[in-house]
Structure formats: C-alpha cells, structure tokens
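**Student:** Structure file upload25.txt (compact mmCIF, C-alpha atoms and all ligand atoms) is given on the next line.
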# COMPACT_ATOMS: atom_id res chain seq x y z
CA MET W 824 -129.79 -206.04 18.91
CA ALA W 825 -128.71 -209.63 18.22
CA PRO W 826 -126.63 -211.39 20.86
CA SER W 827 -122.86 -211.02 20.44
CA GLY W 828 -121.22 -213.64 18.27
CA ALA W 829 -118.54 -216.15 19.20
CA SER W 830 -115.74 -213.99 17.84
CA LEU W 831 -116.59 -211.03 20.10
CA ALA W 832 -117.24 -213.34 23.05
CA GLY W 833 -113.79 -214.87 22.52
CA LEU W 834 -112.17 -211.43 22.39
CA MET W 835 -114.02 -210.26 25.50
CA THR W 836 -112.91 -213.25 27.55
CA LYS W 837 -109.51 -214.15 26.11
CA GLU W 838 -107.58 -212.76 29.09
CA VAL W 839 -109.86 -214.18 31.79
CA MET W 840 -108.46 -217.17 33.68
CA PRO W 841 -110.21 -219.61 36.03
CA SER W 842 -108.07 -218.15 38.83
CA ASP W 843 -109.74 -214.76 38.23
CA GLY W 844 -112.84 -216.03 40.01
CA PRO W 845 -115.03 -214.60 41.33
CA VAL W 846 -115.89 -213.02 37.99
CA LEU W 847 -118.52 -210.33 37.58
CA GLU W 848 -120.57 -210.05 34.40
CA LEU W 849 -122.67 -206.97 33.69
CA GLY W 850 -125.55 -207.08 31.22
CA PRO W 851 -125.22 -210.75 30.24
CA GLY W 852 -128.49 -210.84 28.31
CA THR W 853 -128.89 -214.39 27.01
CA GLY W 854 -125.36 -215.31 28.11
CA ALA W 855 -123.10 -215.02 25.04
CA PHE W 856 -120.15 -213.96 27.21
CA THR W 857 -121.19 -216.23 30.06
CA ARG W 858 -120.79 -219.28 27.81
CA ALA W 859 -117.36 -218.04 26.70
CA LEU W 860 -116.28 -217.55 30.32
CA LEU W 861 -117.34 -221.10 31.17
CA SER W 862 -115.54 -222.50 28.16
CA ARG W 863 -112.37 -220.76 29.41
CA GLY W 864 -112.66 -222.82 32.56
CA VAL W 865 -114.23 -220.27 34.91
CA ASP W 866 -116.31 -222.17 37.46
CA GLU W 867 -120.04 -221.48 37.11
CA ALA W 868 -120.23 -220.98 40.87
CA ASP W 869 -117.63 -218.21 40.54
CA LEU W 870 -119.93 -216.13 38.33
CA THR W 871 -122.02 -213.20 39.52
CA LEU W 872 -124.32 -212.08 36.70
CA VAL W 873 -125.90 -208.63 37.02
CA GLU W 874 -128.78 -208.21 34.60
CA SER W 875 -131.55 -205.60 34.86
CA GLY W 876 -134.02 -207.41 32.60
CA PRO W 877 -136.18 -209.78 34.69
CA ASP W 878 -136.83 -212.16 31.77
CA PHE W 879 -133.11 -212.39 30.95
CA ALA W 880 -132.31 -212.85 34.65
CA ARG W 881 -134.80 -215.72 34.92
CA LEU W 882 -133.43 -217.35 31.80
CA LEU W 883 -129.85 -217.05 33.07
CA GLN W 884 -130.70 -218.52 36.46
CA ARG W 885 -132.35 -221.48 34.72
CA ARG W 886 -129.37 -221.97 32.40
CA TYR W 887 -126.71 -221.45 35.04
CA PRO W 888 -128.16 -222.69 38.33
CA ARG W 889 -124.83 -222.54 40.17
CA ALA W 890 -124.16 -218.93 39.19
CA ARG W 891 -125.36 -216.03 41.29
CA VAL W 892 -127.84 -214.10 39.15
CA LEU W 893 -128.89 -210.67 40.35
CA CYS W 894 -131.71 -208.79 38.71
CA LEU W 895 -130.26 -205.38 39.35
CA ASP W 896 -129.37 -202.09 37.68
CA ALA W 897 -125.57 -202.21 37.38
CA ALA W 898 -125.46 -198.53 38.35
CA ARG W 899 -126.47 -199.69 41.84
CA LEU W 900 -123.47 -201.98 42.23
CA GLY W 901 -121.83 -199.80 44.82
CA ARG W 902 -125.01 -199.35 46.84
CA ASP W 903 -125.98 -203.02 47.19
CA PRO W 904 -122.87 -204.72 48.52
CA LEU W 905 -122.21 -207.82 46.42
CA PHE W 906 -118.84 -208.74 47.91
CA ALA W 907 -117.50 -207.98 51.34
CA GLU W 908 -114.12 -206.99 49.91
CA PRO W 909 -112.39 -206.42 46.57
CA ILE W 910 -111.94 -210.04 45.48
CA VAL W 911 -113.18 -210.03 41.89
CA GLY W 912 -110.44 -210.88 39.39
CA ALA W 913 -112.23 -209.82 36.21
CA ALA W 914 -115.42 -208.10 35.13
CA VAL W 915 -116.96 -208.46 31.68
CA SER W 916 -119.51 -205.93 30.50
CA GLY W 917 -122.02 -206.12 27.68
CA LEU W 918 -123.71 -202.94 28.89
CA PRO W 919 -124.67 -200.33 26.27
CA LEU W 920 -122.55 -197.60 27.88
CA LEU W 921 -122.80 -195.25 24.89
CA SER W 922 -126.52 -194.89 25.47
CA MET W 923 -126.14 -194.25 29.20
CA SER W 924 -125.73 -190.94 31.01
CA PRO W 925 -122.29 -190.04 32.40
CA ARG W 926 -123.79 -190.28 35.88
CA LYS W 927 -124.93 -193.84 35.29
CA THR W 928 -121.62 -194.82 33.68
CA MET W 929 -119.84 -193.33 36.70
CA GLY W 930 -121.96 -195.44 39.06
CA ILE W 931 -121.23 -198.60 37.08
CA LEU W 932 -117.49 -198.00 36.88
CA SER W 933 -117.03 -196.94 40.49
CA GLY W 934 -119.14 -199.86 41.71
CA THR W 935 -117.22 -202.35 39.58
CA PHE W 936 -113.80 -201.10 40.68
CA ALA W 937 -114.84 -201.26 44.31
CA TYR W 938 -115.01 -205.06 43.88
CA LEU W 939 -112.03 -205.63 41.59
CA ARG W 940 -108.89 -206.77 43.34
CA PRO W 941 -105.50 -205.18 42.52
CA GLY W 942 -104.55 -206.22 39.00
CA GLY W 943 -108.17 -206.98 38.12
CA ALA W 944 -109.64 -205.67 34.89
CA LEU W 945 -112.97 -204.69 33.40
CA TYR W 946 -113.55 -205.71 29.79
CA GLN W 947 -116.00 -203.58 27.82
CA PHE W 948 -116.94 -203.79 24.18
CA THR W 949 -118.14 -201.05 21.89
CA TYR W 950 -119.33 -200.68 18.32
CA GLY W 951 -117.73 -197.24 18.27
CA TRP W 952 -114.16 -196.21 17.50
CA HIS W 953 -113.26 -194.98 20.96
CA CYS W 954 -113.48 -196.27 24.49
CA PRO W 955 -117.16 -195.92 25.48
CA VAL W 956 -116.17 -194.61 28.93
CA PRO W 957 -115.70 -190.83 28.70
CA ARG W 958 -112.15 -189.61 29.40
CA ALA W 959 -113.41 -187.42 32.26
CA ILE W 960 -114.77 -190.48 34.07
CA LEU W 961 -111.60 -192.49 33.51
CA ASP W 962 -109.54 -189.59 34.88
CA ARG W 963 -111.85 -189.00 37.82
CA LEU W 964 -111.60 -192.65 38.87
CA GLY W 965 -107.89 -192.96 38.04
CA LEU W 966 -108.49 -195.62 35.37
CA ARG W 967 -106.69 -196.52 32.20
CA ALA W 968 -108.33 -197.95 29.08
CA GLU W 969 -106.53 -199.91 26.40
CA ARG W 970 -108.01 -201.47 23.29
CA ILE W 971 -107.12 -205.15 23.19
CA GLY W 972 -108.66 -206.00 19.85
CA ARG W 973 -111.28 -205.46 17.23
CA THR W 974 -113.33 -208.09 15.46
CA PHE W 975 -114.92 -207.76 12.05
CA ASN W 976 -116.53 -211.17 12.46
CA ASN W 977 -119.30 -209.58 14.47
CA LEU W 978 -122.28 -207.66 13.23
CA PRO W 979 -121.61 -204.84 13.68
CA PRO W 980 -117.81 -204.98 14.08
CA ALA W 981 -116.76 -204.32 17.67
CA SER W 982 -113.73 -203.37 19.74
CA VAL W 983 -112.87 -204.54 23.24
CA TYR W 984 -111.25 -202.36 25.88
CA ARG W 985 -109.41 -203.49 28.98
CA ILE W 986 -109.96 -200.95 31.77
CA THR W 987 -107.64 -201.10 34.75
CA LYS W 988 -106.70 -199.08 37.78
CA PRO W 989 -102.94 -198.61 37.84
CA TRP W 990 -101.56 -199.52 41.23
CA PRO W 991 -98.30 -198.85 43.02
CA LEU W 992 -96.30 -201.81 41.70
CA GLY W 993 -96.72 -200.61 38.15
CA ASP W 994 -100.16 -201.76 37.05
CA GLU W 995 -102.24 -204.58 35.81
CA ARG W 996 -102.26 -208.11 34.77
CA THR W 997 -98.58 -208.51 33.98
CA ASP W 998 -97.96 -207.90 37.69
CA ILE W 999 -100.38 -210.53 38.87
CA GLY W 1000 -97.68 -213.18 38.96
CA SER W 1001 -95.86 -211.23 41.63
CA VAL W 1002 -98.86 -211.22 43.93
CA SER W 1003 -99.30 -214.17 46.27
CA PRO W 1004 -102.59 -215.97 45.71
CA PRO W 1005 -104.98 -216.09 48.67
CA ALA W 1006 -104.55 -219.13 50.90
CA SER W 1007 -108.12 -220.18 50.29
CA ASP W 1008 -110.61 -219.37 47.57
CA PRO W 1009 -112.32 -216.23 48.91
CA SER W 1010 -115.20 -216.52 46.48
CA ARG W 1011 -116.42 -219.57 48.33
CA GLU W 1012 -116.47 -218.23 51.84
CA GLY W 1013 -117.15 -214.89 53.35
CA GLY W 1014 -117.05 -213.00 50.04
CA LEU W 1015 -120.62 -213.48 48.98
CA ILE W 1016 -123.38 -211.76 50.87
CA PRO W 1017 -126.28 -214.13 51.50
CA GLY W 1018 -129.74 -213.07 50.49
CA THR W 1019 -128.77 -211.00 47.47
CA GLY W 1020 -129.42 -213.74 44.94
CA PHE W 1021 -132.02 -214.02 42.27
CA GLY W 1022 -134.59 -214.96 44.90
CA GLY W 1023 -134.43 -211.36 46.06
CA MET W 1024 -135.08 -210.00 42.59
CA GLN W 1025 -136.20 -206.40 42.54
CA GLY W 1026 -139.70 -205.84 41.38
CA SER W 1027 -140.62 -209.52 41.35
C1 LIG H 1 -126.49 -205.20 24.26
S1 LIG H 1 -127.16 -206.38 25.39
C2 LIG H 1 -125.73 -207.45 25.55
C3 LIG H 1 -126.10 -208.86 25.92
C4 LIG H 1 -124.93 -209.84 25.87
N1 LIG H 1 -123.87 -209.49 26.81
C5 LIG H 1 -124.36 -209.93 24.47
O1 LIG H 1 -123.33 -209.31 24.22
O2 LIG H 1 -124.98 -210.60 23.66
C6 LIG H 1 -127.17 -205.45 26.91
C7 LIG H 1 -127.69 -206.18 28.10
O3 LIG H 1 -127.49 -205.35 29.23
C8 LIG H 1 -128.68 -205.33 30.01
N2 LIG H 1 -128.68 -204.02 30.69
C9 LIG H 1 -128.91 -202.81 30.15
N3 LIG H 1 -128.79 -201.85 31.09
C10 LIG H 1 -128.47 -202.48 32.25
C11 LIG H 1 -128.20 -202.02 33.56
N4 LIG H 1 -128.24 -200.72 33.88
N5 LIG H 1 -127.88 -202.93 34.50
C12 LIG H 1 -127.82 -204.26 34.20
N6 LIG H 1 -128.07 -204.75 32.96
C13 LIG H 1 -128.39 -203.87 32.00
C14 LIG H 1 -129.80 -205.49 29.00
O4 LIG H 1 -130.98 -205.97 29.61
C15 LIG H 1 -129.18 -206.48 28.02
O5 LIG H 1 -129.39 -207.81 28.44
Turn the structure described in the file into structure tokens.
Ligand SMILES: C[S@@+](CC[C@H](N)C(=O)[O-])C[C@H]1O[C@@H](n2cnc3c(N)ncnc32)[C@H](O)[C@@H]1O

**Tutor:**
Amino acid sequence: MAPSGASLAGLMTKEVMPSDGPVLELGPGTGAFTRALLSRGVDEADLTLVESGPDFARLLQRRYPRARVLCLDAARLGRDPLFAEPIVGAAVSGLPLLSMSPRKTMGILSGTFAYLRPGGALYQFTYGWHCPVPRAILDRLGLRAERIGRTFNNLPPASVYRITKPWPLGDERTDIGSVSPPASDPSREGGLIPGTGFGGMQGS
C-alpha cells in the first residue's frame, strides 16, 4: 500500500494543535502523518511514534531524532507504560484496523484511551464506508466515533473518524477551552518513562 497522500494527512491532522502535545502516532510507516503533524506546529519532541516494523522504526528515528520512536505492537500499548498519566492530547492512527482481530483492536483502543487526557481524541482513517472500530468495542469502552471528513484526493479515497470518550462536562474538544491548561508542560517532565525509546527496540 502506498503511503497516504497530503490530502488524507491534512484531514487526519486538521484538528490537532501544538497544545495537544504530547501526541501519539500509531503505525506511522514512513511518516506521512508525522510530517503533517509537524507542519501543524506540533513539536517533534512531543511526538511518540509507535511502529511495529523495525525498518520503518529505524527510518523514523533517523528522520525525527527528537521524537520518541518505539518499535512496538500497538496492541501492547496498555502493557508497556508509555506515559505515567493520561496526558496525551491527540492520537493519530494509520493502523490497518479492518485487517485486525477484535481482540487486537480492543487492546489498541483501550491502551490509547488510557493515555488520552479528557477531551483528547483518536483520529483513525479507513478506506471503508463505516468506522473501522466495531460498534461492540466502541460501546464496551464507552467511546463515540464521528466521521470528520472524506477525501477523494487519495488513492483509494478515505474517511477519517474522530473517536472520543464522552466525559461528564459534555464531551470532547469543544469543551477543551473550559479546562485549565497544566501549569507546566507535562510532556517534558515526569510523563515520559525513560528507557522505553527506540534503543530498547524489541527483537533488535
Ligand atoms: C497502512 S500503513 C500506514 C502508514 C502511514 N501512516 C500512512 O498512512 O502512510 C500501516 C502502518 O502500521 C504499521 N503497523 C501495522 N500493525 C501495527 C501494530 N500492531 N502496531 C504498530 N504498528 C503497526 C505498519 O508497519 C505500517 O507502517
């Protein structure tokens, strides 16, 4: 499969702000969405890239030396603590969820939402016509999926879904303005667990 084009990368990242850092990216491949995140002003050092392919992971670490690149199966997110608390503002996923088992999808979603802060969102694309996360998994985890756009300038055409966990104040990104920002940038101190970087790549 060819890397995603600029149109899909723009759609995937259009709601992500620099203040969303730290940002988690799942299945970055050669970095089509990574580039788009950086061009939106997200600091490279605020990126955690989770890629299971060792060659892709190596390439990404070379291209983005200040990012944290983890050569890891995203289904293990919850088992290998990446952040000490839920501080991630946005997650962007290029993972082929439609070809994954429900069990694996469940592991990926539950792991991701363990790190997303209130109001945070996961962005997932699909070449299909429906959200690639099965309804049963959304319901089980208390998540809501909304399609935020479809691009025909991608081969094949693709849709992007915003997946959120409704929270007591009424849900999602429109409520972010009512939440006080942290006094300091938590992604820089205390949030990142040392020793889980690319140097500790599995199987290398
Ligand atoms: C369809 S490609 C998308 C690459 C890029 N995001 C893009 O859109 O061009 C899927 C990527 O996810 C990676 N991947 C597949 N399964 C994974 C898993 N369980 N955990 C982490 N990465 C995975 C693959 O190695 C590949 O780089």

**Student:** Within 10 Å of (-122.8, -207.2, 26.5), all atoms listed in the file: residues as JSON, numbers by chain?

**Tutor:** {"W": [826, 827, 831, 832, 835, 848, 849, 850, 851, 852, 853, 854, 855, 856, 857, 915, 916, 917, 918, 919, 920, 946, 947, 948, 949]}

**Student:** Can you pull out the residues contacting W:Tyr984? Cut-off 12 Å, using only C-alpha atoms, and skip same-chain residues under 5 positions away; I want them as a PyMOL selection string.

**Tutor:** chain W and resi 831+834-838+914-917+944-956+966-973

**Student:** Need to verify the contact set: W:Asp866, 8 Å, only C-alpha atoms, exclusion of same-chain residues closer than 5 positions in sequence. Can you return it as a list of chain:residue names?

**Tutor:**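 Close residues of W:Asp866: W:Pro841, W:Gly844, W:Leu861.
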
**Student:** Provide the atom CA of W:Ala913 to atom CA of W:Pro980 distance in Å, to one decimal place.

**Tutor:**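 If I compute the distance from atom CA of W:Ala913 to atom CA of W:Pro980, I get 23.3 Å.
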
**Student:** So what do you get for atom CA of W:Ile986 versus atom CA of W:Glu867, distance-wise?

**Tutor:** 23.5 Å

**Student:** Mind giving me the straight-line distance from atom CA of W:Pro845 to atom CA of W:Gly912 in Å, one decimal?

**Tutor:**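 Atom CA of W:Gly912 lies 6.2 Å from atom CA of W:Pro845.
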
**Student:** Tell me which of W:Asp896, W:Asp962, W:Glu908, W:Asp903 sits closest to ligand LIG 1 (chain H), counting only C-alpha atoms and all ligand atoms.

**Tutor:**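 Going through W:Asp896, W:Asp962, W:Glu908, W:Asp903 one by one, the smallest distance to ligand LIG 1 (chain H) is for W:Asp896.
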
**Student:** Using all atoms listed in the file, which of W:Leu921, W:Leu905, W:Leu895, W:Leu932 sits nearest ligand LIG 1 (chain H)?

**Tutor:**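 Among the listed residues, W:Leu895 lies closest to ligand LIG 1 (chain H).
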
**Student:** Could you tell me which of W:Gly965, W:Gly930, W:Gly864, W:Gly876 comes closest to ligand LIG 1 (chain H) if we count all atoms listed in the file?

**Tutor:**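 For ligand LIG 1 (chain H), the nearest of the candidates is W:Gly876.
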
**Student:** Between W:Ala897, W:Val911, W:Leu961, W:Leu978, which residue has the minimum interatomic distance to ligand LIG 1 (chain H), considering all atoms listed in the file?

**Tutor:**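 Smallest separation from ligand LIG 1 (chain H) among the options: W:Ala897.
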
**Student:** Closest to W:Phe936 among W:Pro957, W:Pro989, W:Pro979, W:Pro888, using only C-alpha atoms?

**Tutor:**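 For W:Phe936, the nearest of the given residues is W:Pro989.
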
**Student:** Which is closer to ligand LIG 1 (chain H) than all the others in W:Arg899, W:Arg985, W:Arg889, W:Arg881, using all atoms listed in the file?

**Tutor:** W:Arg899

**Student:** So that I can look at just that part, could you write stretch 845-870 of chain W with N, CA and C atoms, as a PDB file, in the first residue's frame?

**Tutor:**
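The result, written out as out.pdb:
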ATOM      1  N   PRO W 845       1.728  16.011  24.631  1.00  0.00           N
ATOM      2  CA  PRO W 845       2.287  15.003  23.735  1.00  0.00           C
ATOM      3  C   PRO W 845       1.239  14.371  22.813  1.00  0.00           C
ATOM      4  N   VAL W 846       1.685  14.053  21.623  1.00  0.00           N
ATOM      5  CA  VAL W 846       0.821  13.440  20.614  1.00  0.00           C
ATOM      6  C   VAL W 846       1.355  12.038  20.323  1.00  0.00           C
ATOM      7  N   LEU W 847       0.418  11.101  20.227  1.00  0.00           N
ATOM      8  CA  LEU W 847       0.771   9.702  19.975  1.00  0.00           C
ATOM      9  C   LEU W 847       0.418   9.369  18.525  1.00  0.00           C
ATOM     10  N   GLU W 848       1.354   8.760  17.809  1.00  0.00           N
ATOM     11  CA  GLU W 848       1.014   8.299  16.462  1.00  0.00           C
ATOM     12  C   GLU W 848       1.219   6.790  16.375  1.00  0.00           C
ATOM     13  N   LEU W 849       0.211   6.116  15.866  1.00  0.00           N
ATOM     14  CA  LEU W 849       0.254   4.649  15.758  1.00  0.00           C
ATOM     15  C   LEU W 849       0.390   4.241  14.295  1.00  0.00           C
ATOM     16  N   GLY W 850       1.353   3.399  14.002  1.00  0.00           N
ATOM     17  CA  GLY W 850       1.552   2.934  12.626  1.00  0.00           C
ATOM     18  C   GLY W 850       1.969   4.042  11.681  1.00  0.00           C
ATOM     19  N   PRO W 851       3.014   4.798  12.026  1.00  0.00           N
ATOM     20  CA  PRO W 851       3.403   5.929  11.166  1.00  0.00           C
ATOM     21  C   PRO W 851       4.037   5.535   9.837  1.00  0.00           C
ATOM     22  N   GLY W 852       4.530   4.319   9.719  1.00  0.00           N
ATOM     23  CA  GLY W 852       5.139   3.911   8.445  1.00  0.00           C
ATOM     24  C   GLY W 852       6.312   4.810   8.091  1.00  0.00           C
ATOM     25  N   THR W 853       6.226   5.442   6.917  1.00  0.00           N
ATOM     26  CA  THR W 853       7.317   6.338   6.508  1.00  0.00           C
ATOM     27  C   THR W 853       7.106   7.762   7.009  1.00  0.00           C
ATOM     28  N   GLY W 854       5.975   8.030   7.660  1.00  0.00           N
ATOM     29  CA  GLY W 854       5.815   9.329   8.328  1.00  0.00           C
ATOM     30  C   GLY W 854       4.934  10.339   7.603  1.00  0.00           C
ATOM     31  N   ALA W 855       3.983   9.853   6.780  1.00  0.00           N
ATOM     32  CA  ALA W 855       3.099  10.793   6.063  1.00  0.00           C
ATOM     33  C   ALA W 855       2.315  11.679   7.048  1.00  0.00           C
ATOM     34  N   PHE W 856       1.793  11.074   8.107  1.00  0.00           N
ATOM     35  CA  PHE W 856       1.037  11.872   9.085  1.00  0.00           C
ATOM     36  C   PHE W 856       1.984  12.621  10.025  1.00  0.00           C
ATOM     37  N   THR W 857       3.143  12.040  10.261  1.00  0.00           N
ATOM     38  CA  THR W 857       4.127  12.697  11.130  1.00  0.00           C
ATOM     39  C   THR W 857       4.499  14.070  10.551  1.00  0.00           C
ATOM     40  N   ARG W 858       4.770  14.079   9.260  1.00  0.00           N
ATOM     41  CA  ARG W 858       5.125  15.348   8.581  1.00  0.00           C
ATOM     42  C   ARG W 858       3.990  16.354   8.734  1.00  0.00           C
ATOM     43  N   ALA W 859       2.753  15.875   8.552  1.00  0.00           N
ATOM     44  CA  ALA W 859       1.606  16.789   8.653  1.00  0.00           C
ATOM     45  C   ALA W 859       1.465  17.332  10.082  1.00  0.00           C
ATOM     46  N   LEU W 860       1.733  16.490  11.067  1.00  0.00           N
ATOM     47  CA  LEU W 860       1.659  16.952  12.461  1.00  0.00           C
ATOM     48  C   LEU W 860       2.695  18.051  12.700  1.00  0.00           C
ATOM     49  N   LEU W 861       3.899  17.829  12.190  1.00  0.00           N
ATOM     50  CA  LEU W 861       4.963  18.825  12.379  1.00  0.00           C
ATOM     51  C   LEU W 861       4.612  20.116  11.661  1.00  0.00           C
ATOM     52  N   SER W 862       4.010  20.005  10.488  1.00  0.00           N
ATOM     53  CA  SER W 862       3.687  21.230   9.760  1.00  0.00           C
ATOM     54  C   SER W 862       2.532  21.971  10.423  1.00  0.00           C
ATOM     55  N   ARG W 863       1.793  21.307  11.304  1.00  0.00           N
ATOM     56  CA  ARG W 863       0.753  21.997  12.082  1.00  0.00           C
ATOM     57  C   ARG W 863       1.332  22.638  13.341  1.00  0.00           C
ATOM     58  N   GLY W 864       2.626  22.472  13.527  1.00  0.00           N
ATOM     59  CA  GLY W 864       3.274  23.153  14.650  1.00  0.00           C
ATOM     60  C   GLY W 864       3.508  22.274  15.861  1.00  0.00           C
ATOM     61  N   VAL W 865       3.159  20.985  15.762  1.00  0.00           N
ATOM     62  CA  VAL W 865       3.431  20.083  16.894  1.00  0.00           C
ATOM     63  C   VAL W 865       4.950  19.932  17.003  1.00  0.00           C
ATOM     64  N   ASP W 866       5.462  20.072  18.209  1.00  0.00           N
ATOM     65  CA  ASP W 866       6.903  19.960  18.439  1.00  0.00           C
ATOM     66  C   ASP W 866       7.336  18.502  18.213  1.00  0.00           C
ATOM     67  N   GLU W 867       8.436  18.336  17.495  1.00  0.00           N
ATOM     68  CA  GLU W 867       8.930  16.967  17.233  1.00  0.00           C
ATOM     69  C   GLU W 867       9.151  16.205  18.545  1.00  0.00           C
ATOM     70  N   ALA W 868       9.626  16.918  19.557  1.00  0.00           N
ATOM     71  CA  ALA W 868       9.902  16.258  20.838  1.00  0.00           C
ATOM     72  C   ALA W 868       8.618  15.852  21.563  1.00  0.00           C
ATOM     73  N   ASP W 869       7.489  16.337  21.090  1.00  0.00           N
ATOM     74  CA  ASP W 869       6.199  15.971  21.685  1.00  0.00           C
ATOM     75  C   ASP W 869       5.593  14.739  21.022  1.00  0.00           C
ATOM     76  N   LEU W 870       6.305  14.161  20.065  1.00  0.00           N
ATOM     77  CA  LEU W 870       5.753  13.016  19.328  1.00  0.00           C
ATOM     78  C   LEU W 870       6.245  11.689  19.894  1.00  0.00           C
TER      79      LEU W 870
END
